[in-house]
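Trainee: My structure is in structure_21.pdb, and what it holds is PDB, C-alpha atoms, pLDDT in the B column:
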```pdb
ATOM      1  CA  MET V   1      12.383  10.475  17.960  1.00 63.00           C
ATOM      2  CA  SER V   2       9.217   8.471  18.542  1.00 79.00           C
ATOM      3  CA  ALA V   3       9.156   4.687  18.267  1.00 88.00           C
ATOM      4  CA  PRO V   4       8.956   3.327  14.696  1.00 94.00           C
ATOM      5  CA  LEU V   5       5.513   2.639  13.290  1.00 97.00           C
ATOM      6  CA  LEU V   6       6.930  -0.349  11.378  1.00 97.00           C
ATOM      7  CA  GLN V   7      10.150  -2.146  12.243  1.00 96.00           C
ATOM      8  CA  THR V   8      11.797  -5.305  10.935  1.00 96.00           C
ATOM      9  CA  THR V   9      14.676  -7.063  12.647  1.00 95.00           C
ATOM     10  CA  GLU V  10      17.022  -9.521  10.902  1.00 94.00           C
ATOM     11  CA  LEU V  11      14.395 -10.671   8.406  1.00 93.00           C
ATOM     12  CA  ARG V  12      15.548 -13.617   6.349  1.00 94.00           C
ATOM     13  CA  LEU V  13      13.740 -15.625   3.694  1.00 93.00           C
ATOM     14  CA  SER V  14      14.959 -17.945   0.975  1.00 90.00           C
ATOM     15  CA  PHE V  15      13.372 -20.197  -1.603  1.00 87.00           C
ATOM     16  CA  GLY V  16      15.870 -23.006  -1.966  1.00 85.00           C
ATOM     17  CA  ALA V  17      19.188 -21.429  -2.890  1.00 83.00           C
ATOM     18  CA  VAL V  18      17.580 -18.094  -3.793  1.00 83.00           C
ATOM     19  CA  VAL V  19      17.783 -15.552  -0.965  1.00 84.00           C
ATOM     20  CA  VAL V  20      14.981 -12.988  -1.286  1.00 86.00           C
ATOM     21  CA  ALA V  21      15.300 -11.293   2.113  1.00 89.00           C
ATOM     22  CA  ASP V  22      18.812 -11.133   3.491  1.00 88.00           C
ATOM     23  CA  ASN V  23      18.996  -9.833   7.076  1.00 90.00           C
ATOM     24  CA  ILE V  24      16.708  -6.818   6.613  1.00 92.00           C
ATOM     25  CA  ASN V  25      16.792  -4.343   9.516  1.00 94.00           C
ATOM     26  CA  PHE V  26      14.427  -1.546   8.695  1.00 92.00           C
ATOM     27  CA  SER V  27      12.180   1.029  10.348  1.00 95.00           C
ATOM     28  CA  LEU V  28       9.544   3.506   9.223  1.00 96.00           C
ATOM     29  CA  HIS V  29       8.108   6.357  11.268  1.00 96.00           C
ATOM     30  CA  GLU V  30       4.673   7.899  11.260  1.00 95.00           C
ATOM     31  CA  GLY V  31       4.129  10.472   8.519  1.00 95.00           C
ATOM     32  CA  GLU V  32       6.723   9.110   6.108  1.00 96.00           C
ATOM     33  CA  ARG V  33       6.109   8.526   2.402  1.00 97.00           C
ATOM     34  CA  LEU V  34       8.605   5.797   1.552  1.00 97.00           C
ATOM     35  CA  ALA V  35       9.267   4.744  -2.036  1.00 97.00           C
ATOM     36  CA  VAL V  36      10.657   1.231  -2.471  1.00 96.00           C
ATOM     37  CA  ILE V  37      12.655   0.817  -5.677  1.00 95.00           C
ATOM     38  CA  GLY V  38      14.620  -2.001  -7.266  1.00 91.00           C
ATOM     39  CA  GLN V  39      14.857  -4.197 -10.323  1.00 90.00           C
ATOM     40  CA  ASN V  40      12.444  -7.101 -10.749  1.00 86.00           C
ATOM     41  CA  GLY V  41      13.470  -9.905  -8.392  1.00 85.00           C
ATOM     42  CA  ALA V  42      15.313  -7.575  -6.006  1.00 87.00           C
ATOM     43  CA  GLY V  43      13.035  -8.443  -3.066  1.00 88.00           C
ATOM     44  CA  LYS V  44      10.655  -5.462  -2.953  1.00 91.00           C
ATOM     45  CA  THR V  45       7.407  -7.388  -3.186  1.00 89.00           C
ATOM     46  CA  THR V  46       8.715 -10.137  -0.916  1.00 90.00           C
ATOM     47  CA  PHE V  47       9.408  -7.524   1.747  1.00 93.00           C
ATOM     48  CA  ILE V  48       5.907  -6.047   1.626  1.00 92.00           C
ATOM     49  CA  ASN V  49       4.393  -9.546   1.493  1.00 93.00           C
ATOM     50  CA  ILE V  50       6.214 -10.395   4.727  1.00 94.00           C
ATOM     51  CA  CYS V  51       5.128  -7.157   6.396  1.00 94.00           C
ATOM     52  CA  THR V  52       1.475  -7.682   5.423  1.00 94.00           C
ATOM     53  CA  GLY V  53       1.368 -11.353   6.448  1.00 93.00           C
ATOM     54  CA  LEU V  54       1.132 -12.988   3.020  1.00 93.00           C
ATOM     55  CA  ILE V  55       4.513 -14.679   3.508  1.00 92.00           C
ATOM     56  CA  ARG V  56       6.265 -15.685   6.727  1.00 94.00           C
ATOM     57  CA  PRO V  57      10.017 -15.220   6.986  1.00 94.00           C
ATOM     58  CA  ASN V  58      12.408 -18.044   7.829  1.00 93.00           C
ATOM     59  CA  SER V  59      13.623 -15.913  10.721  1.00 94.00           C
ATOM     60  CA  GLY V  60      13.433 -12.396  12.101  1.00 95.00           C
ATOM     61  CA  LYS V  61      10.636 -10.188  13.404  1.00 96.00           C
ATOM     62  CA  VAL V  62       8.134  -7.634  12.127  1.00 96.00           C
ATOM     63  CA  ARG V  63       6.706  -5.146  14.611  1.00 97.00           C
ATOM     64  CA  PHE V  64       3.908  -2.719  13.820  1.00 97.00           C
ATOM     65  CA  ASP V  65       2.682   0.008  16.149  1.00 95.00           C
ATOM     66  CA  GLY V  66       4.442  -1.674  19.061  1.00 93.00           C
ATOM     67  CA  HIS V  67       3.122  -5.207  18.388  1.00 95.00           C
ATOM     68  CA  ASP V  68       4.861  -8.301  17.024  1.00 96.00           C
ATOM     69  CA  ILE V  69       2.887  -9.164  13.864  1.00 96.00           C
ATOM     70  CA  THR V  70       5.328 -11.697  12.379  1.00 95.00           C
ATOM     71  CA  ALA V  71       3.040 -14.704  12.756  1.00 89.00           C
ATOM     72  CA  MET V  72      -0.285 -12.893  12.317  1.00 94.00           C
ATOM     73  CA  ALA V  73      -2.693 -13.610   9.477  1.00 93.00           C
ATOM     74  CA  PRO V  74      -3.263 -10.797   6.944  1.00 92.00           C
ATOM     75  CA  ARG V  75      -6.753 -10.000   8.312  1.00 89.00           C
ATOM     76  CA  ALA V  76      -5.401  -9.622  11.835  1.00 92.00           C
ATOM     77  CA  ILE V  77      -2.658  -7.316  10.561  1.00 95.00           C
ATOM     78  CA  VAL V  78      -5.247  -5.169   8.767  1.00 92.00           C
ATOM     79  CA  ARG V  79      -7.186  -4.842  12.013  1.00 90.00           C
ATOM     80  CA  ARG V  80      -3.988  -3.611  13.671  1.00 93.00           C
ATOM     81  CA  GLY V  81      -3.917  -0.764  11.138  1.00 95.00           C
ATOM     82  CA  LEU V  82      -1.647  -1.933   8.306  1.00 96.00           C
ATOM     83  CA  ALA V  83      -3.557  -2.072   5.005  1.00 94.00           C
ATOM     84  CA  ARG V  84      -2.534  -2.695   1.430  1.00 91.00           C
ATOM     85  CA  SER V  85      -3.582  -1.969  -2.126  1.00 88.00           C
ATOM     86  CA  PHE V  86      -2.432  -4.206  -4.955  1.00 83.00           C
ATOM     87  CA  GLN V  87      -0.736  -3.813  -8.314  1.00 82.00           C
ATOM     88  CA  LEU V  88      -3.811  -5.437  -9.845  1.00 78.00           C
ATOM     89  CA  PRO V  89      -6.823  -3.866  -8.065  1.00 78.00           C
ATOM     90  CA  GLN V  90      -8.784  -6.367  -5.991  1.00 78.00           C
ATOM     91  CA  LEU V  91     -12.376  -5.354  -6.719  1.00 84.00           C
ATOM     92  CA  PHE V  92     -15.852  -6.881  -6.814  1.00 80.00           C
ATOM     93  CA  LEU V  93     -16.399  -6.116 -10.490  1.00 81.00           C
ATOM     94  CA  GLU V  94     -20.072  -7.114 -10.482  1.00 86.00           C
ATOM     95  CA  HIS V  95     -20.859  -4.595  -7.713  1.00 88.00           C
ATOM     96  CA  THR V  96     -21.098  -0.825  -7.770  1.00 92.00           C
ATOM     97  CA  VAL V  97     -18.240   1.431  -6.749  1.00 94.00           C
ATOM     98  CA  ARG V  98     -20.110   2.448  -3.607  1.00 92.00           C
ATOM     99  CA  ASP V  99     -20.905  -1.142  -2.627  1.00 89.00           C
ATOM    100  CA  CYS V 100     -17.249  -2.162  -2.976  1.00 90.00           C
ATOM    101  CA  VAL V 101     -16.338   0.401  -0.332  1.00 92.00           C
ATOM    102  CA  ARG V 102     -19.327  -0.698   1.792  1.00 88.00           C
ATOM    103  CA  LEU V 103     -18.164  -4.318   1.609  1.00 87.00           C
ATOM    104  CA  ALA V 104     -14.671  -3.377   2.767  1.00 87.00           C
ATOM    105  CA  ALA V 105     -16.054  -1.277   5.644  1.00 84.00           C
ATOM    106  CA  ALA V 106     -18.506  -3.986   6.704  1.00 79.00           C
ATOM    107  CA  GLY V 107     -15.690  -6.537   6.704  1.00 69.00           C
ATOM    108  CA  ARG V 108     -13.612  -4.265   8.936  1.00 65.00           C
ATOM    109  CA  LEU V 109     -16.466  -4.011  11.428  1.00 62.00           C
ATOM    110  CA  GLY V 110     -17.462  -7.679  11.258  1.00 57.00           C
ATOM    111  CA  ARG V 111     -20.924  -6.802   9.963  1.00 54.00           C
ATOM    112  CA  LEU V 112     -21.103  -9.047   6.933  1.00 56.00           C
ATOM    113  CA  GLY V 113     -23.730 -11.768   7.120  1.00 54.00           C
ATOM    114  CA  LEU V 114     -27.133 -12.983   5.990  1.00 45.00           C
ATOM    115  CA  TRP V 115     -28.884 -10.948   8.681  1.00 45.00           C
ATOM    116  CA  SER V 116     -26.783  -7.788   8.310  1.00 54.00           C
ATOM    117  CA  PRO V 117     -28.032  -5.601   5.433  1.00 56.00           C
ATOM    118  CA  LEU V 118     -25.038  -4.098   3.668  1.00 59.00           C
ATOM    119  CA  ALA V 119     -26.625  -0.658   3.344  1.00 59.00           C
ATOM    120  CA  LYS V 120     -26.869  -0.398   7.151  1.00 62.00           C
ATOM    121  CA  ALA V 121     -23.454  -1.818   7.969  1.00 62.00           C
ATOM    122  CA  VAL V 122     -21.618   1.531   8.136  1.00 72.00           C
ATOM    123  CA  PRO V 123     -22.615   5.219   8.190  1.00 76.00           C
ATOM    124  CA  GLU V 124     -23.277   6.492   4.670  1.00 84.00           C
ATOM    125  CA  SER V 125     -21.319   9.672   5.431  1.00 87.00           C
ATOM    126  CA  GLU V 126     -18.137   7.645   5.940  1.00 87.00           C
ATOM    127  CA  ILE V 127     -18.564   5.901   2.591  1.00 90.00           C
ATOM    128  CA  GLU V 128     -19.247   9.174   0.789  1.00 93.00           C
ATOM    129  CA  HIS V 129     -16.249  10.911   2.331  1.00 94.00           C
ATOM    130  CA  VAL V 130     -13.811   8.230   1.215  1.00 94.00           C
ATOM    131  CA  LEU V 131     -15.272   8.202  -2.293  1.00 95.00           C
ATOM    132  CA  ASP V 132     -15.021  11.993  -2.356  1.00 95.00           C
ATOM    133  CA  ILE V 133     -11.331  12.168  -1.437  1.00 95.00           C
ATOM    134  CA  VAL V 134     -10.386   9.727  -4.210  1.00 95.00           C
ATOM    135  CA  GLY V 135     -12.591  11.510  -6.742  1.00 94.00           C
ATOM    136  CA  LEU V 136     -15.110   8.701  -7.269  1.00 94.00           C
ATOM    137  CA  ARG V 137     -18.212  10.021  -5.569  1.00 92.00           C
ATOM    138  CA  GLU V 138     -19.936  10.853  -8.848  1.00 92.00           C
ATOM    139  CA  ARG V 139     -19.306   7.318 -10.104  1.00 92.00           C
ATOM    140  CA  GLY V 140     -20.561   5.651  -6.932  1.00 90.00           C
ATOM    141  CA  ASP V 141     -23.546   3.961  -8.573  1.00 92.00           C
ATOM    142  CA  GLU V 142     -21.610   2.599 -11.568  1.00 92.00           C
ATOM    143  CA  LEU V 143     -20.397  -0.985 -11.768  1.00 93.00           C
ATOM    144  CA  CYS V 144     -16.693  -1.408 -11.029  1.00 90.00           C
ATOM    145  CA  GLU V 145     -16.123  -3.152 -14.348  1.00 91.00           C
ATOM    146  CA  SER V 146     -16.922   0.130 -16.128  1.00 91.00           C
ATOM    147  CA  LEU V 147     -13.996   1.995 -14.546  1.00 91.00           C
ATOM    148  CA  PRO V 148     -10.738   2.661 -16.434  1.00 90.00           C
ATOM    149  CA  GLU V 149      -7.529   1.333 -14.869  1.00 89.00           C
ATOM    150  CA  GLY V 150      -6.577   4.527 -13.050  1.00 89.00           C
ATOM    151  CA  GLN V 151      -9.944   4.775 -11.329  1.00 92.00           C
ATOM    152  CA  ARG V 152      -9.860   1.074 -10.468  1.00 92.00           C
ATOM    153  CA  LYS V 153      -6.593   1.801  -8.673  1.00 92.00           C
ATOM    154  CA  LEU V 154      -8.246   4.644  -6.775  1.00 93.00           C
ATOM    155  CA  LEU V 155     -11.182   2.440  -5.790  1.00 92.00           C
ATOM    156  CA  ASP V 156      -8.798  -0.223  -4.498  1.00 92.00           C
ATOM    157  CA  ILE V 157      -7.137   2.486  -2.390  1.00 93.00           C
ATOM    158  CA  ALA V 158     -10.537   3.754  -1.185  1.00 93.00           C
ATOM    159  CA  MET V 159     -11.342   0.220  -0.023  1.00 92.00           C
ATOM    160  CA  ALA V 160      -8.065   0.205   1.902  1.00 93.00           C
ATOM    161  CA  LEU V 161      -8.614   3.672   3.397  1.00 94.00           C
ATOM    162  CA  ILE V 162     -12.093   2.774   4.701  1.00 92.00           C
ATOM    163  CA  LEU V 163     -10.289   0.245   6.932  1.00 90.00           C
ATOM    164  CA  ASN V 164      -8.850   3.226   8.882  1.00 92.00           C
ATOM    165  CA  PRO V 165      -5.200   2.205   8.537  1.00 95.00           C
ATOM    166  CA  LYS V 166      -2.228   3.922  10.124  1.00 96.00           C
ATOM    167  CA  LEU V 167       0.004   2.671   7.312  1.00 97.00           C
ATOM    168  CA  LEU V 168      -0.953   1.883   3.720  1.00 97.00           C
ATOM    169  CA  VAL V 169       1.301  -0.187   1.462  1.00 96.00           C
ATOM    170  CA  LEU V 170       0.750   0.506  -2.246  1.00 94.00           C
ATOM    171  CA  ASP V 171       2.174  -2.007  -4.709  1.00 90.00           C
ATOM    172  CA  GLU V 172       3.046  -0.124  -7.915  1.00 90.00           C
ATOM    173  CA  PRO V 173       0.136   2.347  -7.815  1.00 91.00           C
ATOM    174  CA  THR V 174       0.951   3.815 -11.254  1.00 90.00           C
ATOM    175  CA  SER V 175       1.494   0.555 -13.171  1.00 87.00           C
ATOM    176  CA  GLY V 176      -0.917   0.141 -16.067  1.00 85.00           C
ATOM    177  CA  VAL V 177      -1.728   3.861 -15.996  1.00 86.00           C
ATOM    178  CA  SER V 178      -0.833   6.104 -18.939  1.00 86.00           C
ATOM    179  CA  THR V 179       2.069   8.515 -18.583  1.00 87.00           C
ATOM    180  CA  GLU V 180      -0.331  11.461 -18.877  1.00 87.00           C
ATOM    181  CA  GLU V 181      -2.443  10.214 -15.961  1.00 90.00           C
ATOM    182  CA  LYS V 182       0.288   9.160 -13.517  1.00 92.00           C
ATOM    183  CA  HIS V 183       0.848  12.481 -11.784  1.00 93.00           C
ATOM    184  CA  GLY V 184      -2.849  13.218 -11.443  1.00 94.00           C
ATOM    185  CA  LEU V 185      -3.333   9.771  -9.924  1.00 93.00           C
ATOM    186  CA  MET V 186      -0.516  10.310  -7.428  1.00 95.00           C
ATOM    187  CA  GLU V 187      -1.759  13.798  -6.510  1.00 96.00           C
ATOM    188  CA  THR V 188      -5.147  12.278  -5.647  1.00 95.00           C
ATOM    189  CA  ILE V 189      -3.560   9.445  -3.667  1.00 95.00           C
ATOM    190  CA  MET V 190      -1.308  11.749  -1.658  1.00 96.00           C
ATOM    191  CA  ALA V 191      -4.167  14.142  -0.889  1.00 96.00           C
ATOM    192  CA  ALA V 192      -6.285  11.201   0.289  1.00 95.00           C
ATOM    193  CA  LEU V 193      -3.465   9.952   2.532  1.00 96.00           C
ATOM    194  CA  ASP V 194      -3.098  13.441   4.004  1.00 95.00           C
ATOM    195  CA  ASP V 195      -6.840  13.661   4.611  1.00 94.00           C
ATOM    196  CA  ARG V 196      -6.856  10.354   6.518  1.00 94.00           C
ATOM    197  CA  LYS V 197      -3.445  11.016   8.171  1.00 95.00           C
ATOM    198  CA  VAL V 198      -2.027   7.763   6.830  1.00 97.00           C
ATOM    199  CA  SER V 199       1.665   6.957   6.411  1.00 97.00           C
ATOM    200  CA  ALA V 200       2.644   5.143   3.218  1.00 97.00           C
ATOM    201  CA  ILE V 201       5.065   2.758   1.565  1.00 97.00           C
ATOM    202  CA  PHE V 202       4.793   2.574  -2.211  1.00 95.00           C
ATOM    203  CA  VAL V 203       6.664   0.346  -4.643  1.00 94.00           C
ATOM    204  CA  GLU V 204       7.489   2.311  -7.771  1.00 92.00           C
ATOM    205  CA  HIS V 205       9.656   2.113 -10.922  1.00 90.00           C
ATOM    206  CA  ASP V 206       9.103   5.609 -12.271  1.00 92.00           C
ATOM    207  CA  VAL V 207      11.975   7.786 -11.038  1.00 93.00           C
ATOM    208  CA  ASP V 208      10.026  10.996 -11.668  1.00 93.00           C
ATOM    209  CA  ILE V 209       7.160   9.762  -9.475  1.00 94.00           C
ATOM    210  CA  VAL V 210       9.627   8.745  -6.750  1.00 95.00           C
ATOM    211  CA  THR V 211      11.398  12.112  -6.873  1.00 95.00           C
ATOM    212  CA  ARG V 212       8.176  14.099  -6.664  1.00 95.00           C
ATOM    213  CA  TYR V 213       6.154  12.162  -4.079  1.00 96.00           C
ATOM    214  CA  ALA V 214       8.503  10.284  -1.745  1.00 97.00           C
ATOM    215  CA  THR V 215       9.999  11.782   1.405  1.00 96.00           C
ATOM    216  CA  ARG V 216      12.395   8.844   1.605  1.00 97.00           C
ATOM    217  CA  VAL V 217      13.650   6.107  -0.740  1.00 97.00           C
ATOM    218  CA  ALA V 218      14.817   2.564   0.023  1.00 96.00           C
ATOM    219  CA  ALA V 219      16.578   0.780  -2.836  1.00 95.00           C
ATOM    220  CA  TRP V 220      16.607  -3.018  -2.916  1.00 94.00           C
ATOM    221  CA  ILE V 221      19.355  -5.109  -4.532  1.00 92.00           C
ATOM    222  CA  SER V 222      19.492  -8.914  -4.190  1.00 90.00           C
ATOM    223  CA  GLY V 223      17.258  -9.104  -1.141  1.00 90.00           C
ATOM    224  CA  GLN V 224      18.972  -6.301   0.761  1.00 90.00           C
ATOM    225  CA  VAL V 225      18.403  -2.593   1.339  1.00 93.00           C
ATOM    226  CA  ALA V 226      21.342  -1.208  -0.620  1.00 93.00           C
ATOM    227  CA  ALA V 227      20.554   2.466   0.047  1.00 94.00           C
ATOM    228  CA  ASP V 228      18.085   4.302   2.256  1.00 95.00           C
ATOM    229  CA  GLY V 229      17.620   8.045   2.611  1.00 95.00           C
ATOM    230  CA  PRO V 230      16.269  11.226   1.018  1.00 96.00           C
ATOM    231  CA  PRO V 231      15.290  10.824  -2.665  1.00 95.00           C
ATOM    232  CA  ALA V 232      17.972  13.184  -4.009  1.00 94.00           C
ATOM    233  CA  GLN V 233      20.699  11.334  -2.094  1.00 95.00           C
ATOM    234  CA  VAL V 234      19.640   7.791  -3.001  1.00 95.00           C
ATOM    235  CA  LEU V 235      18.850   8.521  -6.652  1.00 94.00           C
ATOM    236  CA  ALA V 236      22.218  10.246  -7.121  1.00 94.00           C
ATOM    237  CA  ASP V 237      24.187   7.273  -5.743  1.00 93.00           C
ATOM    238  CA  PRO V 238      26.294   5.853  -8.626  1.00 93.00           C
ATOM    239  CA  MET V 239      25.664   2.265  -7.487  1.00 92.00           C
ATOM    240  CA  ILE V 240      21.897   2.827  -7.444  1.00 94.00           C
ATOM    241  CA  ARG V 241      21.952   4.580 -10.807  1.00 93.00           C
ATOM    242  CA  LYS V 242      23.799   1.629 -12.323  1.00 92.00           C
ATOM    243  CA  ASN V 243      22.127  -1.342 -10.595  1.00 90.00           C
ATOM    244  CA  VAL V 244      18.608  -0.076  -9.931  1.00 90.00           C
ATOM    245  CA  ILE V 245      17.823   2.734 -12.360  1.00 87.00           C
ATOM    246  CA  GLY V 246      19.847   1.072 -15.123  1.00 78.00           C
ATOM    247  CA  GLU V 247      22.005   3.970 -16.261  1.00 70.00           C
TER     248      GLU V 247
END
```
Re-express the file's structure as structure tokens.
Mentor:
Amino acid sequence: MSAPLLQTTELRLSFGAVVVADNINFSLHEGERLAVIGQNGAGKTTFINICTGLIRPNSGKVRFDGHDITAMAPRAIVRRGLARSFQLPQLFLEHTVRDCVRLAAAGRLGRLGLWSPLAKAVPESEIEHVLDIVGLRERGDELCESLPEGQRKLLDIAMALILNPKLLVLDEPTSGVSTEEKHGLMETIMAALDDRKVSAIFVEHDVDIVTRYATRVAAWISGQVAADGPPAQVLADPMIRKNVIGE
């Protein structure tokens, strides 16, 4: 098997007496679609915050694509190829959909500045392709504030995909989206990831979404990975059904 795309070794982090990452040894390989599940406070978001540079662990290492990224700033980690979308989309609401993607692309290339016109920062074809694969091309000239929540999520993901990541971390991509729209949203996301050949980690609470779209599931309990494997295996585990799913 090839070397892991993402690997953590003996990650530990505590806030006072509360342990939120307890000796996490974990690896993810290229092409995987990993769902991270767990009750609130189990350590899911802490783990992805460590991996994306928003929090530094007390001890342990994070390696991505063969490089130690433990002490890197989030921007440096993004440039290595590890991007993230957020539970609450991080958008420039006063700008158009198309310009939000342009801003992200220009930031990736270091072409933002007083003397660097945004419209010339990146090839228009690249912007249009990313908007097309998330289904927002026809809304490209609309202000972001006009978008419903599901499309705001897709725009946030488009802004991450324009960074050309190898791995995209999605923090609760279906939260705030109606039950009727969740599967359509995930179908669009997965097709976009396939188009860009991007591996993914997504935090999710909806068991049906996990079952349908994950190739692997990691269940967190009290700052530890309590189970890790194929969705059918993990979701059938009596301990996971009781302590994570709540049955």
Trainee: So, counting all atoms listed in the file, which residue among V:Ser27, V:Thr8, V:Gln39, V:Asn58 is closest to Arg241 (chain V)?
Mentor: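 For Arg241 (chain V), the nearest of the given residues is V:Gln39.
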Trainee: Run through the PyMOL selection byres ((chain V and resi 159) around 9) on the given coordinates and return the selected residues as a list of chain:residue names.
Mentor: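 This file, filtered by the PyMOL selection byres ((chain V and resi 159) around 9), leaves V:Ser85, V:Leu91, V:Cys100, V:Val101, V:Arg102, V:Leu103, V:Ala104, V:Ala105, V:Val130, V:Leu154, V:Leu155, V:Asp156, V:Ile157, V:Ala158, V:Ala160, V:Leu161, V:Ile162, V:Leu163.
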Trainee: So which one's closest to Ser199 (chain V), V:Ala236, V:Arg152, V:Arg84, V:Thr70? Using all atoms listed in the file, please.
Mentor: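 Residue with the minimum atom-to-atom distance to Ser199 (chain V): V:Arg84.
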Trainee: How would you write, as a list of chain:residue names, the residues chosen by the PyMOL selection byres ((chain V and resi 98) around 9) on this structure?
Mentor: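 Selected by the PyMOL selection byres ((chain V and resi 98) around 9) in this file: V:His95, V:Thr96, V:Val97, V:Asp99, V:Cys100, V:Val101, V:Arg102, V:Leu103, V:Ile127, V:Glu128, V:Leu131, V:Leu136, V:Arg137, V:Arg139, V:Gly140, V:Asp141, V:Glu142, V:Leu143.
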Trainee: Could you produce a table of the residues of region 32-129 of chain V lying within 8 Å of region 203-222 of chain V, with the nearest pair of atoms per residue and their separation in Å rounded to one decimal, using only C-alpha atoms, ordered by chain and increasing residue number, as CSV?
Mentor:
```
residue,atom,partner,partner_atom,distance
V:Glu32,CA,V:Thr215,CA,6.3
V:Arg33,CA,V:Ala214,CA,5.1
V:Leu34,CA,V:Arg216,CA,4.9
V:Ala35,CA,V:Val217,CA,4.8
V:Val36,CA,V:Val203,CA,4.6
V:Ile37,CA,V:Ala219,CA,4.8
V:Gly38,CA,V:Trp220,CA,4.9
V:Gln39,CA,V:Ile221,CA,7.4
V:Gly41,CA,V:Ser222,CA,7.4
V:Ala42,CA,V:Ser222,CA,4.7
V:Gly43,CA,V:Trp220,CA,6.5
V:Lys44,CA,V:Trp220,CA,6.4
V:Thr45,CA,V:Val203,CA,7.9
```
Trainee: Under the PyMOL selection byres ((chain V and resi 78) around 10), which residues of this model are included? Write them out as JSON, numbers by chain.
Mentor: {"V": [52, 53, 72, 73, 74, 75, 76, 77, 79, 80, 81, 82, 83, 84, 108, 160, 163, 164, 165, 166, 167, 168]}
Trainee: Neighbours of Pro57 (chain V) within 9 Å (only C-alpha atoms; same-chain residues fewer than 6 positions away dropped), as a PDB file with C-alpha atoms, in the frame of the given file?
Mentor:
```
ATOM      1  CA  LEU V  11      14.395 -10.671   8.406  1.00 93.00           C
ATOM      2  CA  ARG V  12      15.548 -13.617   6.349  1.00 94.00           C
ATOM      3  CA  LEU V  13      13.740 -15.625   3.694  1.00 93.00           C
ATOM      4  CA  SER V  14      14.959 -17.945   0.975  1.00 90.00           C
ATOM      5  CA  ALA V  21      15.300 -11.293   2.113  1.00 89.00           C
ATOM      6  CA  ILE V  50       6.214 -10.395   4.727  1.00 94.00           C
ATOM      7  CA  THR V  70       5.328 -11.697  12.379  1.00 95.00           C
TER       8      THR V  70
END
```
